[in-house]
Amino acid sequence: MNYSELKTAIRGDSHREDYANEVIERFITQGEALISMSLEGYFLEATIDEDDRVIDSIYTLPSKVTLMRSVLYNNCPLDQVDETLAAQYRNADPVAYCMRDTTILIAGIPPTDAEFQLNYFGMPAALEADEDTNNLLNDCPQLYIEAAQVYLFKRARNGELATAMFQSVQSLIRDINRKMKKKLGGGQSANAYNVSFRSSY
């Protein structure tokens, strides 16, 4: 699903085809803010290329990257290194990367037509163009629809439906957060053995 299809779905599910695009877009923006308040993150993908290059081997990262999972160049994963090791590959083909706060340093000299596929954990960027999409919207479109409907029904002065949508959004986010924690290795381990316990026998 993309941004344009999302707007159509919100109108259809709410039976409010009379709302203008600008109004629906405002509901989506408010819904995205509601999602970001509780969602801890999601597995996302992005491509960076010459348009994202800042200077030399430094590229701008997508917004709200929390954890980089992999960086692919020509379908091959690059190693993650520190700044010192990255400097040693200054004159090589891209072989590694180094994370910074808002940028990524590619260890090597990427050609002007280079593209890097990023797989990361974080928050999706706000939807703007009609063709915009992301993994979260594709995997769980109902989350976006219902988050926008919270504000749609508030505007329609239907408090009961607005509350129902809000509760559904919170329930969906709790489920997503649990799944993300498991995938990130947040499973529980067995309790430690108590070596100080003394038997009465």
# chains A, B, ... in the order shown; residues from 1 in each chain; ligands from 1
$ select_by_dssp --residues "range 48-189 of chain A" --states "strand (DSSP E)" --output "PyMOL selection string"
chain A and resi 48+53-55+58-60+65-73+76-77+79-80+96-99+103-107+116-122
$ closest_atom_pairs --of "range 32-64 of chain A" --to "range 105-118 of chain A" --cutoff "7 Å" --atoms "only C-alpha atoms" --output "JSON lines"
{"residue": "A:Glu45", "atom": "CA", "partner": "A:Leu118", "partner_atom": "CA", "distance": 5.5}
{"residue": "A:Ala46", "atom": "CA", "partner": "A:Leu118", "partner_atom": "CA", "distance": 5.1}
{"residue": "A:Thr47", "atom": "CA", "partner": "A:Gln117", "partner_atom": "CA", "distance": 4.6}
{"residue": "A:Ile48", "atom": "CA", "partner": "A:Phe116", "partner_atom": "CA", "distance": 5.4}
{"residue": "A:Asp49", "atom": "CA", "partner": "A:Glu115", "partner_atom": "CA", "distance": 4.6}
{"residue": "A:Glu50", "atom": "CA", "partner": "A:Thr112", "partner_atom": "CA", "distance": 6.0}
{"residue": "A:Ser57", "atom": "CA", "partner": "A:Ile106", "partner_atom": "CA", "distance": 5.2}
{"residue": "A:Ile58", "atom": "CA", "partner": "A:Leu105", "partner_atom": "CA", "distance": 4.6}
{"residue": "A:Tyr59", "atom": "CA", "partner": "A:Leu105", "partner_atom": "CA", "distance": 6.5}
$ atom_distance --atom1 "CA of Val150 in chain A" --atom2 "CA of Phe166 in chain A"
5.8 Å
$ select_by_dssp --residues "range 8-123 of chain A" --states "alpha helix (DSSP H)" --output "PyMOL selection string"
chain A and resi 8-14+21-38+83-88
$ closest_residue --among "A:Asp93, A:Glu17, A:Glu128, A:Asp175" --to "Asn2 in chain A" --atoms "only C-alpha atoms"
A:Glu128
$ closest_residue --among "A:Thr29, A:Asn134, A:Gln80, A:Ser4" --to "Ala147 in chain A" --atoms "only C-alpha atoms"
A:Thr29
$ atom_distance --atom1 "CA of Phe121 in chain A" --atom2 "CA of Gly185 in chain A"
13.0 Å
$ residues_around --residues "Glu32 in chain A" --least-positions-apart "2" --cutoff "9 Å" --atoms "only C-alpha atoms" --output "list in words"
Phe27, Ile28, Thr29, Gln30, Leu34, Ile35, Ser36, Met37, Ala126, Leu127, Tyr144, Ala147 and Ala148 of chain A
$ atom_distance --atom1 "CA of Lys7 in chain A" --atom2 "CA of Asn138 in chain A"
13.9 Å
$ residues_around --residues "Leu137 in chain A" --least-positions-apart "6" --cutoff "9 Å" --atoms "only C-alpha atoms" --output "PDB file with N, CA and C atoms, in the first residue's frame"
ATOM      1  N   MET A   1       0.850  -1.197   0.000  1.00  0.00           N
ATOM      2  CA  MET A   1       0.000   0.000   0.000  1.00  0.00           C
ATOM      3  C   MET A   1       0.882   1.243   0.000  1.00  0.00           C
ATOM      4  N   ASN A   2       0.481   2.276  -0.746  1.00  0.00           N
ATOM      5  CA  ASN A   2       1.213   3.535  -0.726  1.00  0.00           C
ATOM      6  C   ASN A   2       0.325   4.639  -0.135  1.00  0.00           C
ATOM      7  N   TYR A   3       0.872   5.849  -0.101  1.00  0.00           N
ATOM      8  CA  TYR A   3       0.177   6.980   0.527  1.00  0.00           C
ATOM      9  C   TYR A   3      -1.173   7.259  -0.146  1.00  0.00           C
ATOM     10  N   LEU A   6      -3.615   4.585   0.797  1.00  0.00           N
ATOM     11  CA  LEU A   6      -3.988   4.756   2.201  1.00  0.00           C
ATOM     12  C   LEU A   6      -5.103   5.785   2.344  1.00  0.00           C
ATOM     13  N   PRO A 124       9.512   4.762  10.561  1.00  0.00           N
ATOM     14  CA  PRO A 124       9.348   5.189   9.168  1.00  0.00           C
ATOM     15  C   PRO A 124       9.319   6.710   9.046  1.00  0.00           C
ATOM     16  N   LEU A 143      -3.016  -0.366  10.933  1.00  0.00           N
ATOM     17  CA  LEU A 143      -2.486   0.525  11.962  1.00  0.00           C
ATOM     18  C   LEU A 143      -2.569   1.975  11.505  1.00  0.00           C
ATOM     19  N   TYR A 144      -2.158   2.245  10.276  1.00  0.00           N
ATOM     20  CA  TYR A 144      -2.219   3.604   9.730  1.00  0.00           C
ATOM     21  C   TYR A 144      -3.666   4.061   9.548  1.00  0.00           C
TER      22      TYR A 144
END
$ residues_around --residues "Ala20 in chain A" --least-positions-apart "3" --cutoff "12 Å" --atoms "only C-alpha atoms" --output "list in words"
Lys7, Thr8, Ile10, Arg11, Arg16, Glu17, Val23, Ile24, Glu25, Arg26, Phe27 and Leu152 of chain A
$ write_last_selection --atoms "all heavy atoms" --output "CSV table (one decimal), in the first residue's frame"
chain,number,residue,atom,x,y,z
A,7,LYS,N,-5.0,6.9,1.6
A,7,LYS,CA,-6.0,7.9,1.7
A,7,LYS,C,-7.4,7.4,1.2
A,7,LYS,O,-8.4,7.7,1.8
A,7,LYS,CB,-5.6,9.2,0.9
A,7,LYS,CG,-4.5,10.0,1.6
A,7,LYS,CD,-4.1,11.2,0.8
A,7,LYS,CE,-3.1,10.9,-0.3
A,7,LYS,NZ,-2.6,12.1,-1.0
A,8,THR,N,-7.3,6.6,0.1
A,8,THR,CA,-8.6,6.0,-0.4
A,8,THR,C,-9.2,5.1,0.6
A,8,THR,O,-10.4,5.1,0.8
A,8,THR,CB,-8.2,5.3,-1.7
A,8,THR,OG1,-7.7,6.3,-2.7
A,8,THR,CG2,-9.5,4.7,-2.3
A,10,ILE,N,-8.9,5.0,3.9
A,10,ILE,CA,-9.4,5.8,5.0
A,10,ILE,C,-10.8,6.3,4.7
A,10,ILE,O,-11.7,6.2,5.5
A,10,ILE,CB,-8.4,6.9,5.5
A,10,ILE,CG1,-7.2,6.3,6.1
A,10,ILE,CG2,-9.1,7.8,6.5
A,10,ILE,CD1,-6.0,7.2,6.3
A,11,ARG,N,-10.9,6.9,3.5
A,11,ARG,CA,-12.2,7.4,3.1
A,11,ARG,C,-13.3,6.3,3.0
A,11,ARG,O,-14.4,6.5,3.5
A,11,ARG,CB,-12.1,8.1,1.7
A,11,ARG,CG,-11.5,9.5,1.8
A,11,ARG,CD,-11.7,10.2,0.4
A,11,ARG,NE,-11.1,11.5,0.4
A,11,ARG,CZ,-9.8,11.6,-0.2
A,11,ARG,NH1,-9.2,10.6,-0.6
A,11,ARG,NH2,-9.3,12.8,-0.2
A,16,ARG,N,-16.5,8.4,4.5
A,16,ARG,CA,-16.4,9.9,4.4
A,16,ARG,C,-15.7,10.3,3.1
A,16,ARG,O,-14.6,10.9,3.2
A,16,ARG,CB,-15.6,10.4,5.6
A,16,ARG,CG,-16.4,10.2,7.0
A,16,ARG,CD,-17.8,10.7,6.9
A,16,ARG,NE,-18.0,12.1,6.6
A,16,ARG,CZ,-18.3,13.0,7.4
A,16,ARG,NH1,-18.5,12.7,8.7
A,16,ARG,NH2,-18.4,14.3,7.0
A,17,GLU,N,-16.2,9.9,2.0
A,17,GLU,CA,-15.7,10.3,0.7
A,17,GLU,C,-15.7,11.8,0.5
A,17,GLU,O,-15.1,12.3,-0.5
A,17,GLU,CB,-16.4,9.5,-0.4
A,17,GLU,CG,-16.0,8.1,-0.6
A,17,GLU,CD,-16.8,7.2,0.4
A,17,GLU,OE1,-17.6,7.7,1.2
A,17,GLU,OE2,-16.5,5.9,0.4
A,23,VAL,N,-7.6,17.3,4.2
A,23,VAL,CA,-8.1,16.9,5.5
A,23,VAL,C,-7.7,15.5,5.9
A,23,VAL,O,-7.2,15.3,7.0
A,23,VAL,CB,-9.7,17.0,5.5
A,23,VAL,CG1,-10.2,16.6,6.9
A,23,VAL,CG2,-10.1,18.4,5.3
A,24,ILE,N,-7.8,14.6,4.9
A,24,ILE,CA,-7.3,13.2,5.1
A,24,ILE,C,-5.8,13.2,5.4
A,24,ILE,O,-5.4,12.5,6.3
A,24,ILE,CB,-7.7,12.3,3.9
A,24,ILE,CG1,-9.2,12.2,3.7
A,24,ILE,CG2,-7.1,11.0,4.1
A,24,ILE,CD1,-9.9,11.6,4.8
A,25,GLU,N,-5.1,14.0,4.7
A,25,GLU,CA,-3.6,14.1,4.9
A,25,GLU,C,-3.3,14.6,6.3
A,25,GLU,O,-2.3,14.1,6.9
A,25,GLU,CB,-3.0,14.9,3.8
A,25,GLU,CG,-2.9,14.3,2.5
A,25,GLU,CD,-2.5,15.2,1.4
A,25,GLU,OE1,-2.3,16.4,1.7
A,25,GLU,OE2,-2.5,14.8,0.2
A,26,ARG,N,-4.1,15.5,6.8
A,26,ARG,CA,-3.8,16.0,8.2
A,26,ARG,C,-4.1,14.9,9.2
A,26,ARG,O,-3.4,14.7,10.2
A,26,ARG,CB,-4.7,17.2,8.5
A,26,ARG,CG,-4.6,17.7,9.9
A,26,ARG,CD,-5.1,19.1,10.1
A,26,ARG,NE,-6.5,19.2,9.7
A,26,ARG,CZ,-7.5,18.9,10.5
A,26,ARG,NH1,-7.3,18.5,11.8
A,26,ARG,NH2,-8.8,19.1,10.2
A,27,PHE,N,-5.2,14.1,9.0
A,27,PHE,CA,-5.5,13.0,9.9
A,27,PHE,C,-4.3,11.9,9.8
A,27,PHE,O,-4.0,11.4,10.9
A,27,PHE,CB,-6.8,12.3,9.4
A,27,PHE,CG,-8.0,13.1,9.6
A,27,PHE,CD1,-9.1,12.9,8.7
A,27,PHE,CD2,-8.1,14.1,10.5
A,27,PHE,CE1,-10.3,13.7,8.8
A,27,PHE,CE2,-9.3,14.9,10.6
A,27,PHE,CZ,-10.3,14.7,9.8
A,152,LEU,N,-10.2,11.4,12.6
A,152,LEU,CA,-11.3,11.6,11.7
A,152,LEU,C,-12.6,11.6,12.5
A,152,LEU,O,-13.5,12.4,12.3
A,152,LEU,CB,-11.3,10.5,10.6
A,152,LEU,CG,-12.4,10.6,9.5
A,152,LEU,CD1,-11.9,10.0,8.2
A,152,LEU,CD2,-13.7,9.9,10.0
$ closest_residue --among "A:Glu5, A:Asn74, A:Ser38, A:Val81" --to "Asn21 in chain A" --atoms "only C-alpha atoms"
A:Glu5
$ closest_residue --among "A:Asn119, A:Gln149, A:Thr102, A:Asn75" --to "Thr60 in chain A" --atoms "only C-alpha atoms"
A:Thr102
$ closest_residue --among "A:Ser168, A:Ser14, A:Ser63, A:Gln88" --to "Ala156 in chain A" --atoms "only C-alpha atoms"
A:Ser14
